[in-house]
Every structure is written in C-alpha cells, then in structure tokens.
>>> print(open('final.cif').read())   # mmCIF, N, CA and C atoms
data_structure
#
loop_
_atom_site.label_atom_id
_atom_site.label_comp_id
_atom_site.auth_asym_id
_atom_site.auth_seq_id
_atom_site.Cartn_x
_atom_site.Cartn_y
_atom_site.Cartn_z
N MET H 83 0.84 -1.18 0.00
CA MET H 83 0.00 0.00 0.00
C MET H 83 0.88 1.24 0.00
N THR H 84 0.55 2.19 -0.87
CA THR H 84 1.33 3.42 -0.94
C THR H 84 0.91 4.36 0.17
N ARG H 85 1.90 5.07 0.67
CA ARG H 85 1.63 5.96 1.80
C ARG H 85 1.43 7.41 1.36
N TYR H 86 2.15 7.85 0.32
CA TYR H 86 2.08 9.24 -0.12
C TYR H 86 1.42 9.33 -1.50
N GLN H 87 0.50 10.28 -1.64
CA GLN H 87 -0.26 10.47 -2.88
C GLN H 87 -0.12 11.93 -3.30
N CYS H 88 0.20 12.15 -4.60
CA CYS H 88 0.29 13.51 -5.11
C CYS H 88 -1.12 14.04 -5.32
N ARG H 89 -1.32 15.29 -4.94
CA ARG H 89 -2.66 15.90 -5.07
C ARG H 89 -2.89 16.43 -6.47
N SER H 90 -1.83 16.57 -7.27
CA SER H 90 -1.96 17.16 -8.60
C SER H 90 -1.88 16.15 -9.74
N CYS H 91 -1.27 14.99 -9.49
CA CYS H 91 -1.16 13.98 -10.53
C CYS H 91 -1.31 12.60 -9.90
N SER H 92 -1.02 11.56 -10.66
CA SER H 92 -1.24 10.19 -10.18
C SER H 92 -0.04 9.60 -9.44
N TYR H 93 0.97 10.40 -9.16
CA TYR H 93 2.17 9.89 -8.50
C TYR H 93 1.86 9.36 -7.10
N GLN H 94 2.46 8.19 -6.76
CA GLN H 94 2.32 7.58 -5.43
C GLN H 94 3.68 7.04 -5.01
N SER H 95 3.92 7.04 -3.70
CA SER H 95 5.19 6.52 -3.19
C SER H 95 5.02 6.05 -1.76
N ASP H 96 5.88 5.07 -1.39
CA ASP H 96 5.91 4.61 0.00
C ASP H 96 6.91 5.39 0.82
N GLN H 97 7.84 6.05 0.16
CA GLN H 97 8.95 6.71 0.84
C GLN H 97 8.75 8.23 0.91
N LEU H 98 8.99 8.80 2.07
CA LEU H 98 8.86 10.24 2.27
C LEU H 98 9.85 10.98 1.39
N GLY H 99 11.08 10.49 1.31
CA GLY H 99 12.11 11.15 0.51
C GLY H 99 11.74 11.22 -0.96
N GLU H 100 11.19 10.14 -1.48
CA GLU H 100 10.77 10.13 -2.89
C GLU H 100 9.61 11.10 -3.12
N ALA H 101 8.69 11.12 -2.19
CA ALA H 101 7.56 12.04 -2.31
C ALA H 101 8.03 13.49 -2.25
N GLN H 102 8.99 13.77 -1.38
CA GLN H 102 9.54 15.13 -1.30
C GLN H 102 10.29 15.49 -2.58
N GLN H 103 11.03 14.53 -3.13
CA GLN H 103 11.77 14.77 -4.37
C GLN H 103 10.78 15.07 -5.50
N HIS H 104 9.71 14.30 -5.59
CA HIS H 104 8.67 14.56 -6.60
C HIS H 104 8.12 15.97 -6.42
N SER H 105 7.88 16.37 -5.19
CA SER H 105 7.35 17.70 -4.91
C SER H 105 8.32 18.79 -5.33
N HIS H 106 9.62 18.59 -5.04
CA HIS H 106 10.63 19.59 -5.42
C HIS H 106 10.73 19.71 -6.93
N GLN H 107 10.67 18.58 -7.63
CA GLN H 107 10.83 18.59 -9.09
C GLN H 107 9.61 19.16 -9.81
N THR H 108 8.44 18.88 -9.30
CA THR H 108 7.21 19.27 -10.02
C THR H 108 6.49 20.47 -9.40
N GLY H 109 6.75 20.74 -8.13
CA GLY H 109 6.02 21.79 -7.44
C GLY H 109 4.68 21.29 -6.92
N HIS H 110 4.40 20.00 -7.09
CA HIS H 110 3.17 19.41 -6.59
C HIS H 110 3.26 19.14 -5.10
N VAL H 111 2.15 18.89 -4.46
CA VAL H 111 2.11 18.59 -3.04
C VAL H 111 1.68 17.14 -2.86
N CYS H 112 2.48 16.38 -2.14
CA CYS H 112 2.13 15.00 -1.83
C CYS H 112 1.61 14.95 -0.39
N ILE H 113 0.54 14.21 -0.19
CA ILE H 113 -0.03 14.10 1.15
C ILE H 113 0.12 12.68 1.66
N ASP H 114 0.18 12.59 2.97
CA ASP H 114 0.24 11.30 3.64
C ASP H 114 -1.17 10.76 3.73
N LYS H 115 -1.42 9.60 3.19
CA LYS H 115 -2.77 9.04 3.19
C LYS H 115 -3.27 8.75 4.60
N ASP H 116 -2.36 8.57 5.54
CA ASP H 116 -2.74 8.29 6.93
C ASP H 116 -3.07 9.57 7.69
N GLY H 117 -2.94 10.71 7.03
CA GLY H 117 -3.28 11.97 7.67
C GLY H 117 -2.14 12.55 8.49
N ALA H 118 -0.91 12.06 8.26
CA ALA H 118 0.23 12.54 9.04
C ALA H 118 0.74 13.88 8.54
N GLY H 119 0.27 14.35 7.39
CA GLY H 119 0.68 15.67 6.95
C GLY H 119 1.17 15.68 5.53
N LEU H 120 1.80 16.77 5.14
CA LEU H 120 2.27 16.97 3.78
C LEU H 120 3.70 16.48 3.64
N ALA H 121 4.01 16.03 2.44
CA ALA H 121 5.38 15.61 2.16
C ALA H 121 5.90 16.42 0.99
N GLY H 122 5.61 17.68 0.96
CA GLY H 122 5.94 18.50 -0.19
C GLY H 122 7.20 19.30 -0.02
N GLY H 123 7.94 19.13 1.02
CA GLY H 123 9.14 19.93 1.22
C GLY H 123 8.80 21.38 1.41
N LYS H 124 9.75 22.24 1.11
CA LYS H 124 9.56 23.66 1.37
C LYS H 124 8.47 24.26 0.49
N PHE H 125 8.39 23.87 -0.78
CA PHE H 125 7.33 24.41 -1.65
C PHE H 125 5.96 23.87 -1.24
N GLY H 126 5.92 22.63 -0.87
CA GLY H 126 4.66 22.04 -0.43
C GLY H 126 4.15 22.71 0.82
N LYS H 127 5.07 23.03 1.73
CA LYS H 127 4.68 23.69 2.97
C LYS H 127 4.18 25.11 2.70
N VAL H 128 4.83 25.78 1.77
CA VAL H 128 4.40 27.13 1.42
C VAL H 128 3.01 27.09 0.80
N LYS H 129 2.82 26.14 -0.12
CA LYS H 129 1.50 26.01 -0.74
C LYS H 129 0.44 25.69 0.31
N ALA H 130 0.80 24.81 1.23
CA ALA H 130 -0.15 24.44 2.28
C ALA H 130 -0.47 25.64 3.15
N ALA H 131 0.55 26.43 3.49
CA ALA H 131 0.34 27.62 4.32
C ALA H 131 -0.54 28.63 3.59
N VAL H 132 -0.31 28.77 2.28
CA VAL H 132 -1.12 29.69 1.49
C VAL H 132 -2.56 29.21 1.45
N LYS H 133 -2.75 27.91 1.28
CA LYS H 133 -4.11 27.37 1.25
C LYS H 133 -4.81 27.55 2.59
N VAL H 134 -4.08 27.32 3.68
CA VAL H 134 -4.67 27.50 5.01
C VAL H 134 -5.01 28.98 5.22
N GLY H 135 -4.09 29.86 4.82
CA GLY H 135 -4.33 31.30 4.96
C GLY H 135 -5.54 31.73 4.13
N ALA H 136 -5.62 31.22 2.91
CA ALA H 136 -6.75 31.56 2.05
C ALA H 136 -8.05 31.04 2.65
N SER H 137 -8.00 29.84 3.22
CA SER H 137 -9.19 29.27 3.85
C SER H 137 -9.62 30.11 5.04
N LEU H 138 -8.66 30.53 5.85
CA LEU H 138 -8.99 31.38 7.00
C LEU H 138 -9.56 32.72 6.55
N LEU H 139 -8.96 33.29 5.51
CA LEU H 139 -9.45 34.57 4.99
C LEU H 139 -10.87 34.41 4.45
N ALA H 140 -11.11 33.33 3.73
CA ALA H 140 -12.44 33.08 3.19
C ALA H 140 -13.45 32.89 4.32
N ALA H 141 -13.08 32.12 5.34
CA ALA H 141 -13.99 31.89 6.46
C ALA H 141 -14.28 33.19 7.20
N THR H 142 -13.26 34.00 7.40
CA THR H 142 -13.43 35.29 8.07
C THR H 142 -14.33 36.21 7.24
N THR H 143 -14.08 36.25 5.94
CA THR H 143 -14.89 37.08 5.04
C THR H 143 -16.34 36.64 5.07
N ILE H 144 -16.56 35.34 5.01
CA ILE H 144 -17.93 34.82 5.05
C ILE H 144 -18.59 35.19 6.38
N GLY H 145 -17.84 35.08 7.46
CA GLY H 145 -18.39 35.45 8.77
C GLY H 145 -18.77 36.92 8.85
N VAL H 146 -17.89 37.79 8.36
CA VAL H 146 -18.17 39.23 8.38
C VAL H 146 -19.36 39.55 7.48
N LEU H 147 -19.41 38.95 6.30
CA LEU H 147 -20.53 39.21 5.39
C LEU H 147 -21.85 38.71 5.97
N THR H 148 -21.81 37.57 6.63
CA THR H 148 -23.02 37.03 7.26
C THR H 148 -23.50 37.97 8.37
N TRP H 149 -22.56 38.43 9.19
CA TRP H 149 -22.89 39.37 10.27
C TRP H 149 -23.49 40.65 9.70
N LYS H 150 -22.85 41.20 8.64
CA LYS H 150 -23.33 42.45 8.03
C LYS H 150 -24.70 42.25 7.40
N TYR H 151 -24.90 41.10 6.75
CA TYR H 151 -26.20 40.80 6.14
C TYR H 151 -27.29 40.76 7.21
N LYS H 152 -26.99 40.10 8.33
CA LYS H 152 -27.98 40.01 9.41
C LYS H 152 -28.29 41.40 9.96
N GLU H 153 -27.26 42.22 10.12
CA GLU H 153 -27.45 43.59 10.62
C GLU H 153 -28.31 44.40 9.65
N LEU H 154 -28.03 44.28 8.36
CA LEU H 154 -28.81 45.01 7.35
C LEU H 154 -30.25 44.50 7.29
N GLN H 155 -30.42 43.19 7.47
CA GLN H 155 -31.76 42.62 7.46
C GLN H 155 -32.58 43.15 8.64
N GLU H 156 -31.96 43.25 9.82
CA GLU H 156 -32.66 43.80 10.99
C GLU H 156 -33.02 45.26 10.77
N GLU H 157 -32.09 46.02 10.16
CA GLU H 157 -32.35 47.43 9.87
C GLU H 157 -33.49 47.55 8.86
N HIS H 158 -33.50 46.68 7.87
CA HIS H 158 -34.57 46.68 6.87
C HIS H 158 -35.92 46.42 7.52
N GLU H 159 -35.97 45.44 8.42
CA GLU H 159 -37.22 45.12 9.11
C GLU H 159 -37.70 46.30 9.95
N GLU H 160 -36.76 46.97 10.61
CA GLU H 160 -37.11 48.13 11.44
C GLU H 160 -37.67 49.26 10.56
N LEU H 161 -37.02 49.51 9.42
CA LEU H 161 -37.50 50.55 8.52
C LEU H 161 -38.84 50.18 7.90
N GLN H 162 -39.03 48.91 7.63
CA GLN H 162 -40.31 48.46 7.07
C GLN H 162 -41.44 48.68 8.09
N THR H 163 -41.16 48.42 9.37
CA THR H 163 -42.15 48.64 10.42
C THR H 163 -42.48 50.13 10.52
N LYS H 164 -41.46 50.98 10.46
CA LYS H 164 -41.71 52.43 10.50
C LYS H 164 -42.52 52.86 9.29
N HIS H 165 -42.19 52.31 8.12
CA HIS H 165 -42.90 52.65 6.90
C HIS H 165 -44.38 52.28 7.01
N GLU H 166 -44.66 51.09 7.53
CA GLU H 166 -46.05 50.66 7.70
C GLU H 166 -46.79 51.58 8.67
N GLY H 167 -46.10 52.01 9.73
CA GLY H 167 -46.70 52.93 10.69
C GLY H 167 -47.02 54.27 10.04
N LEU H 168 -46.10 54.76 9.22
CA LEU H 168 -46.33 56.04 8.53
C LEU H 168 -47.47 55.92 7.53
N LEU H 169 -47.57 54.79 6.84
CA LEU H 169 -48.68 54.60 5.90
C LEU H 169 -50.01 54.59 6.64
N SER H 170 -50.05 53.94 7.78
CA SER H 170 -51.26 53.88 8.59
C SER H 170 -51.65 55.28 9.06
N MET H 171 -50.64 56.03 9.51
CA MET H 171 -50.90 57.39 9.98
C MET H 171 -51.40 58.26 8.83
N ALA H 172 -50.81 58.12 7.64
CA ALA H 172 -51.24 58.90 6.49
C ALA H 172 -52.67 58.54 6.10
N ALA H 173 -53.00 57.27 6.16
CA ALA H 173 -54.37 56.86 5.84
C ALA H 173 -55.36 57.48 6.83
N GLY H 174 -54.99 57.50 8.10
CA GLY H 174 -55.84 58.13 9.11
C GLY H 174 -56.03 59.61 8.85
N LEU H 175 -54.96 60.29 8.44
CA LEU H 175 -55.06 61.73 8.14
C LEU H 175 -55.94 61.98 6.92
N VAL H 176 -55.88 61.11 5.93
CA VAL H 176 -56.73 61.27 4.74
C VAL H 176 -58.20 61.13 5.13
N VAL H 177 -58.49 60.16 6.00
CA VAL H 177 -59.87 59.97 6.47
C VAL H 177 -60.34 61.21 7.23
N GLN H 178 -59.49 61.73 8.13
CA GLN H 178 -59.85 62.94 8.89
C GLN H 178 -60.07 64.12 7.96
N LEU H 179 -59.23 64.25 6.94
CA LEU H 179 -59.37 65.35 5.99
C LEU H 179 -60.69 65.23 5.23
N ALA H 180 -61.03 64.02 4.81
CA ALA H 180 -62.30 63.81 4.10
C ALA H 180 -63.49 64.15 5.00
N GLU H 181 -63.43 63.73 6.27
CA GLU H 181 -64.51 64.03 7.21
C GLU H 181 -64.62 65.54 7.44
N SER H 182 -63.48 66.20 7.61
CA SER H 182 -63.49 67.65 7.83
C SER H 182 -64.03 68.38 6.61
N THR H 183 -63.66 67.94 5.43
CA THR H 183 -64.14 68.56 4.19
C THR H 183 -65.65 68.40 4.07
N ALA H 184 -66.14 67.19 4.37
CA ALA H 184 -67.58 66.95 4.31
C ALA H 184 -68.31 67.82 5.33
N GLU H 185 -67.79 67.92 6.54
CA GLU H 185 -68.41 68.75 7.58
C GLU H 185 -68.38 70.22 7.17
N ASN H 186 -67.27 70.66 6.58
CA ASN H 186 -67.14 72.04 6.13
C ASN H 186 -68.17 72.34 5.04
N GLU H 187 -68.35 71.41 4.10
CA GLU H 187 -69.34 71.60 3.04
C GLU H 187 -70.75 71.67 3.62
N SER H 188 -71.01 70.83 4.61
CA SER H 188 -72.32 70.83 5.26
C SER H 188 -72.57 72.17 5.95
N LEU H 189 -71.55 72.67 6.67
CA LEU H 189 -71.70 73.96 7.35
C LEU H 189 -71.86 75.10 6.35
N LYS H 190 -71.16 75.03 5.22
CA LYS H 190 -71.31 76.07 4.19
C LYS H 190 -72.73 76.07 3.64
N SER H 191 -73.25 74.86 3.39
CA SER H 191 -74.62 74.75 2.87
C SER H 191 -75.62 75.33 3.87
N GLU H 192 -75.45 74.98 5.14
CA GLU H 192 -76.34 75.49 6.18
C GLU H 192 -76.24 77.01 6.28
N ASN H 193 -75.04 77.53 6.21
CA ASN H 193 -74.81 78.97 6.29
C ASN H 193 -75.46 79.68 5.09
N ASP H 194 -75.29 79.11 3.89
CA ASP H 194 -75.90 79.70 2.70
C ASP H 194 -77.43 79.71 2.82
N TYR H 195 -77.98 78.62 3.37
CA TYR H 195 -79.43 78.54 3.55
C TYR H 195 -79.91 79.62 4.52
N LEU H 196 -79.17 79.75 5.63
CA LEU H 196 -79.57 80.75 6.62
C LEU H 196 -79.45 82.17 6.07
N LYS H 197 -78.55 82.40 5.14
CA LYS H 197 -78.41 83.71 4.53
C LYS H 197 -79.50 83.98 3.49
N SER H 198 -80.08 82.94 2.99
CA SER H 198 -81.12 83.12 1.98
C SER H 198 -82.39 83.69 2.64
N ALA H 199 -83.28 84.21 1.83
CA ALA H 199 -84.53 84.81 2.34
C ALA H 199 -85.39 83.78 3.04
N THR H 200 -85.48 82.60 2.48
CA THR H 200 -86.31 81.55 3.09
C THR H 200 -85.73 81.12 4.43
N GLY H 201 -84.43 80.90 4.44
CA GLY H 201 -83.78 80.45 5.68
C GLY H 201 -83.84 81.51 6.75
N ALA H 202 -83.61 82.77 6.39
CA ALA H 202 -83.62 83.84 7.37
C ALA H 202 -85.03 84.03 7.94
N SER H 203 -86.03 83.94 7.08
CA SER H 203 -87.41 84.12 7.53
C SER H 203 -87.81 83.00 8.47
N LYS H 204 -87.42 81.77 8.15
CA LYS H 204 -87.73 80.64 9.02
C LYS H 204 -87.03 80.79 10.36
N MET H 205 -85.81 81.26 10.35
CA MET H 205 -85.04 81.43 11.57
C MET H 205 -85.67 82.50 12.46
N LEU H 206 -86.07 83.60 11.87
CA LEU H 206 -86.67 84.68 12.64
C LEU H 206 -88.02 84.25 13.22
N LYS H 207 -88.81 83.49 12.48
CA LYS H 207 -90.10 83.01 12.97
C LYS H 207 -89.91 82.07 14.15
N SER H 208 -88.82 81.32 14.17
CA SER H 208 -88.60 80.38 15.28
C SER H 208 -88.30 81.12 16.57
N TYR H 209 -87.84 82.38 16.46
CA TYR H 209 -87.56 83.17 17.68
C TYR H 209 -88.79 83.94 18.15
N ASP H 210 -89.84 84.04 17.37
CA ASP H 210 -91.05 84.76 17.80
C ASP H 210 -91.70 83.99 18.92
N CYS H 211 -92.18 84.73 19.85
CA CYS H 211 -92.83 84.10 21.00
C CYS H 211 -94.31 84.16 20.91
#
>>> encode(input="final.cif", output="structure tokens")
Amino acid sequence: MTRYQCRSCSYQSDQLGEAQQHSHQTGHVCIDKDGAGLAGGKFGKVKAAVKVGASLLAATTIGVLTWKYKELQEEHEELQTKHEGLLSMAAGLVVQLAESTAENESLKSENDYLKSATGASKMLKSYDC
C-alpha cells in the first residue's frame, strides 16, 4: 500500500524522501494518506500555508458578510415597520381630511341657507314668542 499520494497527478510513493523529491521537481504537493501531513518539502509547505491562509481569509470574510447581512436585514425590518406605521398614519389623516371637508361643506350649505330669504325668515319666525 502506498503511503504518499500527489494531489496534482497520479504519482504515489511509499517513501517520504521520494515524495519530497517529486514535490521539489514538479512543485506538486504530496499528502500522507494516513493523515500525518504533507510531504511536499519547502514548496509544499508554502502552498499548504497559502491554502490555510486563504481558507482562514475566506472563512473570516464569510463570517463578516453574514454578520453584516444580518445587521442590514434587521435594519430593513425596522425601517419596514416604520414605513407601515407612517402609511397607517397617512391613511388616518386622509380619512380625517375627508370628514373635515364633508363637515365644512355641510356647514357652508347650512350657512348659505340661513343667509337666503327663506332660511332667514324661518329662523326669525322660530324666535317669535
């Protein structure tokens, strides 16, 4: 059974030295199938460090973006609640305006009637004793 497997090609070896030599010659990274680590020599270790660094950066970026998304989602929900409240308040004001306009028209009609000859005469007769 081979112990070292190249991650970039089909190369396999039982010997650490051979796996490291393959890595130095090709720039590929050989891994220990038993999970004991990389056998890539100095270039393999650099590649591994870069991959680990990139993975950490990606994980950190994903974490920050997730946190920011959640924060923006909460802010959106808060603004949506305020918006719904303002719409409700505006609807209430429109209803009040319509009621006031109707009442104003009614009072104008009554006032016009009282100013007319018929209305004034009826009003004066109601005060006669």
>>> atom_distance(input="final.cif", atom1="atom C of Gln94 in chain H", atom2="atom N of Leu138 in chain H")
28.7 Å
>>> select_by_dssp(input="final.cif", residues="chain H", states="helix (DSSP H, G or I)", output="NGL selection string")
:H and (98-108 or 123-197 or 199-209)
>>> atom_distance(input="final.cif", atom1="CA of Ala101 in chain H", atom2="CA of Gln87 in chain H")
8.0 Å
>>> residues_around(input="final.cif", residues="Tyr86 in chain H", least_positions_apart="2", cutoff="5 Å", atoms="only N, CA and C atoms", output="mmCIF file with N, CA and C atoms, in the coordinates of the input")
data_model
loop_
_atom_site.group_PDB
_atom_site.id
_atom_site.type_symbol
_atom_site.label_atom_id
_atom_site.label_comp_id
_atom_site.auth_asym_id
_atom_site.auth_seq_id
_atom_site.Cartn_x
_atom_site.Cartn_y
_atom_site.Cartn_z
ATOM 1 N N THR H 84 0.550 2.190 -0.870
ATOM 2 C CA THR H 84 1.330 3.420 -0.940
ATOM 3 C C THR H 84 0.910 4.360 0.170
ATOM 4 N N CYS H 88 0.200 12.150 -4.600
ATOM 5 C CA CYS H 88 0.290 13.510 -5.110
ATOM 6 C C CYS H 88 -1.120 14.040 -5.320
ATOM 7 N N GLN H 94 2.460 8.190 -6.760
ATOM 8 C CA GLN H 94 2.320 7.580 -5.430
ATOM 9 C C GLN H 94 3.680 7.040 -5.010
ATOM 10 N N SER H 95 3.920 7.040 -3.700
ATOM 11 C CA SER H 95 5.190 6.520 -3.190
ATOM 12 C C SER H 95 5.020 6.050 -1.760
ATOM 13 N N ASP H 96 5.880 5.070 -1.390
ATOM 14 C CA ASP H 96 5.910 4.610 0.000
ATOM 15 C C ASP H 96 6.910 5.390 0.820
ATOM 16 N N ILE H 113 0.540 14.210 -0.190
ATOM 17 C CA ILE H 113 -0.030 14.100 1.150
ATOM 18 C C ILE H 113 0.120 12.680 1.660
ATOM 19 N N ASP H 114 0.180 12.590 2.970
ATOM 20 C CA ASP H 114 0.240 11.300 3.640
ATOM 21 C C ASP H 114 -1.170 10.760 3.730
ATOM 22 N N LYS H 115 -1.420 9.600 3.190
ATOM 23 C CA LYS H 115 -2.770 9.040 3.190
ATOM 24 C C LYS H 115 -3.270 8.750 4.600
#
>>> select_by_dssp(input="final.cif", residues="range 95-189 of chain H", states="strand (DSSP E)", output="PyMOL selection string")
chain H and resi 95+112-114
>>> write_last_selection(input="final.cif", atoms="N, CA and C atoms", output="short mmCIF file (atom, residue, chain, number, x, y, z; two decimals), keeping the file's coordinate frame")
data_model
loop_
_atom_site.label_atom_id
_atom_site.label_comp_id
_atom_site.auth_asym_id
_atom_site.auth_seq_id
_atom_site.Cartn_x
_atom_site.Cartn_y
_atom_site.Cartn_z
N SER H 95 3.92 7.04 -3.70
CA SER H 95 5.19 6.52 -3.19
C SER H 95 5.02 6.05 -1.76
N CYS H 112 2.48 16.38 -2.14
CA CYS H 112 2.13 15.00 -1.83
C CYS H 112 1.61 14.95 -0.39
N ILE H 113 0.54 14.21 -0.19
CA ILE H 113 -0.03 14.10 1.15
C ILE H 113 0.12 12.68 1.66
N ASP H 114 0.18 12.59 2.97
CA ASP H 114 0.24 11.30 3.64
C ASP H 114 -1.17 10.76 3.73
#
>>> atom_distance(input="final.cif", atom1="CA of Ala140 in chain H", atom2="CA of Glu153 in chain H")
19.8 Å
>>> closest_residue(input="final.cif", among="H:His165, H:Lys133, H:Lys190, H:His110", to="Cys91 in chain H", atoms="only N, CA and C atoms")
H:His110
